[in-house]
Amino acid sequence: MLSSFDLFKVGLGPSSSHTTGPMKAALRFVHYLAAQMQAQKVHKLDVRLYGSLALTGAGHHTDRAVLLGLSGLRPETLIPSDADAAIAAIQKSQTLMLGGKIKIDFDPKADIRFEGQTSLPFHTNGLRFNAFNGDGDLIASRIYYSVGGGFVVDEDEAGRNARDDVTITPKHPFTNSEELLAQADEAGLSIAQVMLENECAHRPRAEVLAGLDDIWGHMQASMNHGLRREGMLPGTLKVRRRAPGLYLKLRVNNPDPKQSCERSDWVNLWAMAVNEENASGGRVVTAPTNGAAGVLPAVINYYQHFVPGADGDGVRNFLLTAAAIGGLYKRNASISGAEVGCQGEVGVACSMAAGALAAVLGGTNAQIENAAEIGMEHNLGMTCDPVGGLVQIPCIERNAFGAAMAIQAARLALLGDGKHAISLDEVIKTMFETGRDMSTKYKETSQGGLAVNIVEC
Ligand code: SF4
């Protein structure tokens, strides 16, 4: 079972699968070399990016992420401006410090190869690292897969059962929403309480609560940065950041969102602020991915500003409920746009936020499950066609729509009694099958959809 702290990870934008994941894969290769006692012998490296990682890797900063990981840097602690400096130093010197310790020659342009015509068998987001000694002999080679949301598996884990991410031994085990509801009913607990007791099997309660507060703190920080940073986003599209201007406009009308009638404008703003921060390579929290990182913070802010009695416990319950739902998608389908399209990213975020909002608005477990189901049902089939291979168009606005749909889904579910025709498990299965059937050109390759119908400047 997945812990909330595996699902909500602090990392660098613009993509959890194409930036954070490859950075972690490169770091894992460094650790692998050390474990094999080969690190000191490395004279040269080459890195190959396959499938979607190659096709949209340049716009998603995959090559930069690989350089940072090989240098021993971690996505959760690296400051974005330090990342820029580290990349510039490697490019200028044509060397890198492997694991931060061993200097080797490395020409990023020649030594990282984009092989978009080749896909490795387990997942389209494959990377291979080859290490050579001074005689040019291959001394180590390893394949990793970045399977979405910053999760990485190596070639052995992929061969066994990569979907089995056992990270906590839960008090209330569940593998699908039917079991989750049954566990909660049997114990007389809410979904958030089930998740909290499961987390507490792994670490002290105070640590769990502090960790949830920390996640919310990072989400707020990314939003606040996005609200204030003016200018253009990186890349060829010349997309201007809209959040600071929109923020100014809304504050002129009413400085306190709580007093504002324009609630949907504020929700749009909060979601877009996070995703503009993500698109600029800033620090965000995967929820469940970087590309979909704006949906949950925007809906939590909606709860905090517009729901009477909202408090810190409510935010924690929101995150726990969302994590329980997100874990079902990760386990039984996919949260990778390269595997199932954007329904697996913004669609899943919408479903998580819908269920979580229903929870903090006082919904029963059945209504929560209903809200999460509605949140996905109307995102089924949503493709991933990022223009220019950047996580900007349609991604930034799409988060605003994901947040708005989540609020609608929660409200709709709360008007009912929790009984409904399609279960969350059925919609998760449908999403996965739809993703499997979707043409590759609509799965984070920038070979279809908007990506081929918009002329880049
Ligand atoms: S379209 Fe959706 S899945 Fe694709 S990069 Fe953008 S946010 Fe991610």
# chains A, B, ... in the order shown; residues from 1 in each chain; ligands from 1

$ closest_atom_pairs --of "region 17-110 of chain A" --to "region 264-287 of chain A" --cutoff "9 Å" --atoms "only C-alpha atoms" --output "JSON lines"
{"residue": "A:His60", "atom": "CA", "partner": "A:Ala279", "partner_atom": "CA", "distance": 8.7}
{"residue": "A:His61", "atom": "CA", "partner": "A:Gly281", "partner_atom": "CA", "distance": 8.3}
{"residue": "A:Pro75", "atom": "CA", "partner": "A:Arg283", "partner_atom": "CA", "distance": 8.8}
{"residue": "A:Glu76", "atom": "CA", "partner": "A:Arg283", "partner_atom": "CA", "distance": 8.5}
{"residue": "A:Leu78", "atom": "CA", "partner": "A:Arg283", "partner_atom": "CA", "distance": 8.9}
{"residue": "A:Ile79", "atom": "CA", "partner": "A:Arg283", "partner_atom": "CA", "distance": 7.8}
{"residue": "A:Pro80", "atom": "CA", "partner": "A:Gly282", "partner_atom": "CA", "distance": 5.8}
{"residue": "A:Ser81", "atom": "CA", "partner": "A:Gly282", "partner_atom": "CA", "distance": 8.7}

$ residues_around --residues "Val387 (chain A)" --least-positions-apart "6" --cutoff "7 Å" --atoms "only C-alpha atoms" --output "ChimeraX atom specification"
/A:393,446,450-451

$ residues_near_ligand --ligand "ligand 1" --cutoff "6 Å" --atoms "only C-alpha atoms and all ligand atoms" --output "PyMOL selection string"
chain A and resi 291-292+337+341-342+345-346+384-386+391+394-395+444

$ write_last_selection --atoms "C-alpha atoms" --output "PDB file, in the first residue's frame"
ATOM      1  CA  GLY A 291       1.523  18.295 -14.186  1.00  0.00           C
ATOM      2  CA  ALA A 292      -1.612  18.019 -12.033  1.00  0.00           C
ATOM      3  CA  GLY A 337       0.239  10.674 -18.720  1.00  0.00           C
ATOM      4  CA  GLY A 341      -3.082  10.256 -21.068  1.00  0.00           C
ATOM      5  CA  CYS A 342      -4.105  13.234 -18.965  1.00  0.00           C
ATOM      6  CA  GLU A 345      -2.952  13.045 -14.152  1.00  0.00           C
ATOM      7  CA  VAL A 346      -5.473  15.897 -14.008  1.00  0.00           C
ATOM      8  CA  CYS A 384      -2.077  14.331 -23.055  1.00  0.00           C
ATOM      9  CA  ASP A 385      -0.916  16.569 -25.900  1.00  0.00           C
ATOM     10  CA  PRO A 386       1.416  19.175 -24.411  1.00  0.00           C
ATOM     11  CA  VAL A 391       4.006  21.443 -19.398  1.00  0.00           C
ATOM     12  CA  PRO A 394      -3.004  22.850 -22.061  1.00  0.00           C
ATOM     13  CA  CYS A 395      -1.655  21.849 -18.646  1.00  0.00           C
ATOM     14  CA  GLU A 444       2.762  12.643 -23.707  1.00  0.00           C
TER      15      GLU A 444
END

$ select_by_dssp --residues "region 262-400 of chain A" --states "strand (DSSP E or B)" --output "ChimeraX atom specification"
/A:283-285,384

$ closest_residue --among "A:Met382, A:Val360, A:Val299, A:Val348" --to "Ala400 (chain A)" --atoms "only C-alpha atoms"
A:Val299

$ residues_around --residues "Val427 (chain A)" --least-positions-apart "2" --cutoff "9 Å" --atoms "only C-alpha atoms" --output "PyMOL selection string"
chain A and resi 373-374+376-377+380+422-425+429-432

$ closest_residue --among "A:Ile104, A:Ala34, A:Leu138, A:Ala406" --to "Cys350 (chain A)" --atoms "only C-alpha atoms"
A:Ala406

$ select_by_dssp --residues "region 260-430 of chain A" --states "helix (DSSP H, G or I)" --output "JSON, numbers by chain"
{"A": [263, 264, 265, 266, 267, 268, 269, 270, 271, 272, 273, 274, 275, 276, 277, 278, 279, 295, 296, 297, 298, 299, 300, 301, 302, 303, 304, 305, 306, 312, 313, 314, 315, 316, 317, 318, 319, 320, 321, 322, 323, 324, 325, 326, 327, 328, 329, 330, 331, 332, 337, 338, 339, 340, 342, 343, 344, 346, 347, 348, 349, 350, 351, 352, 353, 354, 355, 356, 357, 358, 359, 360, 365, 366, 367, 368, 369, 370, 371, 372, 373, 374, 375, 376, 377, 387, 388, 389, 395, 396, 397, 398, 399, 400, 401, 402, 403, 404, 405, 406, 407, 408, 409, 410, 411, 412, 413, 414, 415, 424, 425, 426, 427, 428, 429, 430]}

$ write_last_selection --atoms "C-alpha atoms" --output "mmCIF file, in the first residue's frame"
data_model
loop_
_atom_site.group_PDB
_atom_site.id
_atom_site.type_symbol
_atom_site.label_atom_id
_atom_site.label_comp_id
_atom_site.auth_asym_id
_atom_site.auth_seq_id
_atom_site.Cartn_x
_atom_site.Cartn_y
_atom_site.Cartn_z
ATOM 1 C CA ARG A 263 -15.142 32.086 -5.985
ATOM 2 C CA SER A 264 -14.464 30.293 -9.237
ATOM 3 C CA ASP A 265 -12.035 33.049 -10.275
ATOM 4 C CA TRP A 266 -10.052 32.489 -7.088
ATOM 5 C CA VAL A 267 -10.039 28.718 -7.619
ATOM 6 C CA ASN A 268 -8.781 29.220 -11.187
ATOM 7 C CA LEU A 269 -6.101 31.561 -9.892
ATOM 8 C CA TRP A 270 -4.845 29.226 -7.165
ATOM 9 C CA ALA A 271 -4.599 26.255 -9.536
ATOM 10 C CA MET A 272 -2.865 28.241 -12.266
ATOM 11 C CA ALA A 273 -0.399 29.816 -9.823
ATOM 12 C CA VAL A 274 0.846 26.381 -8.785
ATOM 13 C CA ASN A 275 1.113 25.125 -12.332
ATOM 14 C CA GLU A 276 2.893 28.198 -13.598
ATOM 15 C CA GLU A 277 5.383 27.647 -10.798
ATOM 16 C CA ASN A 278 5.683 24.041 -11.915
ATOM 17 C CA ALA A 279 6.119 25.025 -15.566
ATOM 18 C CA VAL A 295 -5.803 20.859 -8.476
ATOM 19 C CA LEU A 296 -5.526 19.785 -4.829
ATOM 20 C CA PRO A 297 -4.033 23.040 -3.472
ATOM 21 C CA ALA A 298 -6.742 25.050 -5.252
ATOM 22 C CA VAL A 299 -9.525 22.896 -3.798
ATOM 23 C CA ILE A 300 -7.970 22.949 -0.315
ATOM 24 C CA ASN A 301 -7.829 26.733 -0.563
ATOM 25 C CA TYR A 302 -11.490 26.715 -1.631
ATOM 26 C CA TYR A 303 -12.242 24.715 1.519
ATOM 27 C CA GLN A 304 -10.195 27.041 3.724
ATOM 28 C CA HIS A 305 -11.633 30.261 2.342
ATOM 29 C CA PHE A 306 -15.216 29.408 1.559
ATOM 30 C CA GLY A 312 -6.115 22.404 10.088
ATOM 31 C CA ASP A 313 -7.679 19.059 10.962
ATOM 32 C CA GLY A 314 -9.893 19.446 7.909
ATOM 33 C CA VAL A 315 -6.844 20.001 5.697
ATOM 34 C CA ARG A 316 -5.195 16.867 7.120
ATOM 35 C CA ASN A 317 -8.364 14.847 6.543
ATOM 36 C CA PHE A 318 -8.506 16.243 3.020
ATOM 37 C CA LEU A 319 -4.969 15.077 2.291
ATOM 38 C CA LEU A 320 -5.488 11.652 3.865
ATOM 39 C CA THR A 321 -8.705 11.048 1.930
ATOM 40 C CA ALA A 322 -7.094 12.234 -1.302
ATOM 41 C CA ALA A 323 -4.121 9.945 -0.709
ATOM 42 C CA ALA A 324 -6.390 6.932 -0.140
ATOM 43 C CA ILE A 325 -8.113 7.628 -3.481
ATOM 44 C CA GLY A 326 -4.880 8.427 -5.349
ATOM 45 C CA GLY A 327 -3.327 5.209 -4.077
ATOM 46 C CA LEU A 328 -6.159 3.213 -5.674
ATOM 47 C CA TYR A 329 -5.375 4.745 -9.072
ATOM 48 C CA LYS A 330 -1.654 4.157 -8.655
ATOM 49 C CA ARG A 331 -2.224 0.552 -7.628
ATOM 50 C CA ASN A 332 -4.981 -0.473 -10.029
ATOM 51 C CA GLY A 337 0.239 10.674 -18.720
ATOM 52 C CA ALA A 338 2.642 8.736 -20.923
ATOM 53 C CA GLU A 339 0.787 5.531 -20.115
ATOM 54 C CA VAL A 340 -2.888 6.602 -19.990
ATOM 55 C CA CYS A 342 -4.105 13.234 -18.965
ATOM 56 C CA GLN A 343 -7.046 11.350 -17.456
ATOM 57 C CA GLY A 344 -4.326 9.696 -15.324
ATOM 58 C CA VAL A 346 -5.473 15.897 -14.008
ATOM 59 C CA GLY A 347 -8.297 13.331 -14.103
ATOM 60 C CA VAL A 348 -6.920 11.507 -11.066
ATOM 61 C CA ALA A 349 -6.206 14.786 -9.261
ATOM 62 C CA CYS A 350 -9.820 15.816 -9.882
ATOM 63 C CA SER A 351 -11.087 12.516 -8.503
ATOM 64 C CA MET A 352 -8.843 12.769 -5.424
ATOM 65 C CA ALA A 353 -9.870 16.365 -4.749
ATOM 66 C CA ALA A 354 -13.568 15.615 -5.290
ATOM 67 C CA GLY A 355 -13.579 12.774 -2.777
ATOM 68 C CA ALA A 356 -11.484 14.742 -0.298
ATOM 69 C CA LEU A 357 -13.698 17.821 -0.519
ATOM 70 C CA ALA A 358 -16.791 15.692 -0.007
ATOM 71 C CA ALA A 359 -15.087 14.297 3.113
ATOM 72 C CA VAL A 360 -14.343 17.668 4.700
ATOM 73 C CA ASN A 365 -17.824 7.335 3.026
ATOM 74 C CA ALA A 366 -20.290 6.336 0.294
ATOM 75 C CA GLN A 367 -20.681 9.979 -0.780
ATOM 76 C CA ILE A 368 -16.879 10.384 -0.799
ATOM 77 C CA GLU A 369 -16.533 7.352 -3.039
ATOM 78 C CA ASN A 370 -19.309 8.731 -5.239
ATOM 79 C CA ALA A 371 -17.593 12.120 -5.525
ATOM 80 C CA ALA A 372 -14.293 10.497 -6.490
ATOM 81 C CA GLU A 373 -16.092 8.418 -9.115
ATOM 82 C CA ILE A 374 -17.830 11.460 -10.610
ATOM 83 C CA GLY A 375 -14.503 13.308 -10.619
ATOM 84 C CA MET A 376 -13.036 10.715 -12.941
ATOM 85 C CA GLU A 377 -16.116 9.755 -14.961
ATOM 86 C CA VAL A 387 2.305 21.814 -26.984
ATOM 87 C CA GLY A 388 6.026 22.036 -27.681
ATOM 88 C CA GLY A 389 6.632 19.211 -25.209
ATOM 89 C CA CYS A 395 -1.655 21.849 -18.646
ATOM 90 C CA ILE A 396 -1.886 25.106 -16.681
ATOM 91 C CA GLU A 397 -5.511 25.912 -17.492
ATOM 92 C CA ARG A 398 -6.420 22.263 -17.284
ATOM 93 C CA ASN A 399 -5.597 22.293 -13.593
ATOM 94 C CA ALA A 400 -8.077 25.132 -13.089
ATOM 95 C CA PHE A 401 -10.744 23.045 -14.808
ATOM 96 C CA GLY A 402 -9.772 19.972 -12.795
ATOM 97 C CA ALA A 403 -10.274 21.953 -9.576
ATOM 98 C CA ALA A 404 -13.624 23.358 -10.735
ATOM 99 C CA MET A 405 -14.858 19.898 -11.729
ATOM 100 C CA ALA A 406 -13.747 18.483 -8.387
ATOM 101 C CA ILE A 407 -15.858 21.046 -6.534
ATOM 102 C CA GLN A 408 -18.861 20.274 -8.742
ATOM 103 C CA ALA A 409 -18.376 16.534 -8.285
ATOM 104 C CA ALA A 410 -18.238 16.870 -4.489
ATOM 105 C CA ARG A 411 -21.347 19.043 -4.408
ATOM 106 C CA LEU A 412 -23.250 16.686 -6.677
ATOM 107 C CA ALA A 413 -22.310 13.661 -4.588
ATOM 108 C CA LEU A 414 -23.332 15.416 -1.369
ATOM 109 C CA LEU A 415 -26.807 16.028 -2.800
ATOM 110 C CA LEU A 424 -15.077 4.037 -8.200
ATOM 111 C CA ASP A 425 -13.436 0.684 -8.910
ATOM 112 C CA GLU A 426 -15.313 0.417 -12.201
ATOM 113 C CA VAL A 427 -14.328 3.887 -13.304
ATOM 114 C CA ILE A 428 -10.676 3.270 -12.362
ATOM 115 C CA LYS A 429 -10.706 0.094 -14.452
ATOM 116 C CA THR A 430 -12.360 1.969 -17.318
#

$ closest_residue --among "A:Lys441, A:Met97, A:Arg64, A:Asn290" --to "Asp84 (chain A)" --atoms "only C-alpha atoms"
A:Arg64

$ residues_around --residues "Gly100 (chain A)" --least-positions-apart "5" --cutoff "9 Å" --atoms "only C-alpha atoms" --output "list in words"
Leu70, Ser71, Gly72 and Leu73 of chain A

$ residues_around --residues "region 235-246 of chain A" --least-positions-apart "3" --cutoff "8 Å" --atoms "only C-alpha atoms" --output "PyMOL selection string"
chain A and resi 59+226-232+249-250+269-270+272-273+276+388+390+392+456-457

$ write_last_selection --atoms "C-alpha atoms" --output "PDB file, in the first residue's frame"
ATOM      1  CA  GLY A  59      10.601  20.462 -22.939  1.00  0.00           C
ATOM      2  CA  GLY A 226       3.228  31.477  -8.487  1.00  0.00           C
ATOM      3  CA  LEU A 227       1.021  34.373  -7.416  1.00  0.00           C
ATOM      4  CA  ARG A 228       3.942  36.776  -7.288  1.00  0.00           C
ATOM      5  CA  ARG A 229       6.410  35.800 -10.013  1.00  0.00           C
ATOM      6  CA  GLU A 230       5.816  37.823 -13.148  1.00  0.00           C
ATOM      7  CA  GLY A 231       7.320  37.260 -16.581  1.00  0.00           C
ATOM      8  CA  MET A 232       7.558  34.584 -19.221  1.00  0.00           C
ATOM      9  CA  LYS A 249      -7.293  42.114 -10.600  1.00  0.00           C
ATOM     10  CA  LEU A 250      -9.135  39.980  -8.072  1.00  0.00           C
ATOM     11  CA  LEU A 269      -6.101  31.561  -9.892  1.00  0.00           C
ATOM     12  CA  TRP A 270      -4.845  29.226  -7.165  1.00  0.00           C
ATOM     13  CA  MET A 272      -2.865  28.241 -12.266  1.00  0.00           C
ATOM     14  CA  ALA A 273      -0.399  29.816  -9.823  1.00  0.00           C
ATOM     15  CA  GLU A 276       2.893  28.198 -13.598  1.00  0.00           C
ATOM     16  CA  GLY A 388       6.026  22.036 -27.681  1.00  0.00           C
ATOM     17  CA  LEU A 390       6.259  21.800 -22.430  1.00  0.00           C
ATOM     18  CA  GLN A 392       2.196  24.711 -20.182  1.00  0.00           C
ATOM     19  CA  GLU A 456       5.297  27.313 -32.133  1.00  0.00           C
ATOM     20  CA  CYS A 457       6.813  30.784 -32.324  1.00  0.00           C
TER      21      CYS A 457
END

$ atom_distance --atom1 "CA of Ile335 (chain A)" --atom2 "CA of Thr434 (chain A)"
13.2 Å

$ atom_distance --atom1 "CA of Asp311 (chain A)" --atom2 "CA of Gly211 (chain A)"
16.4 Å
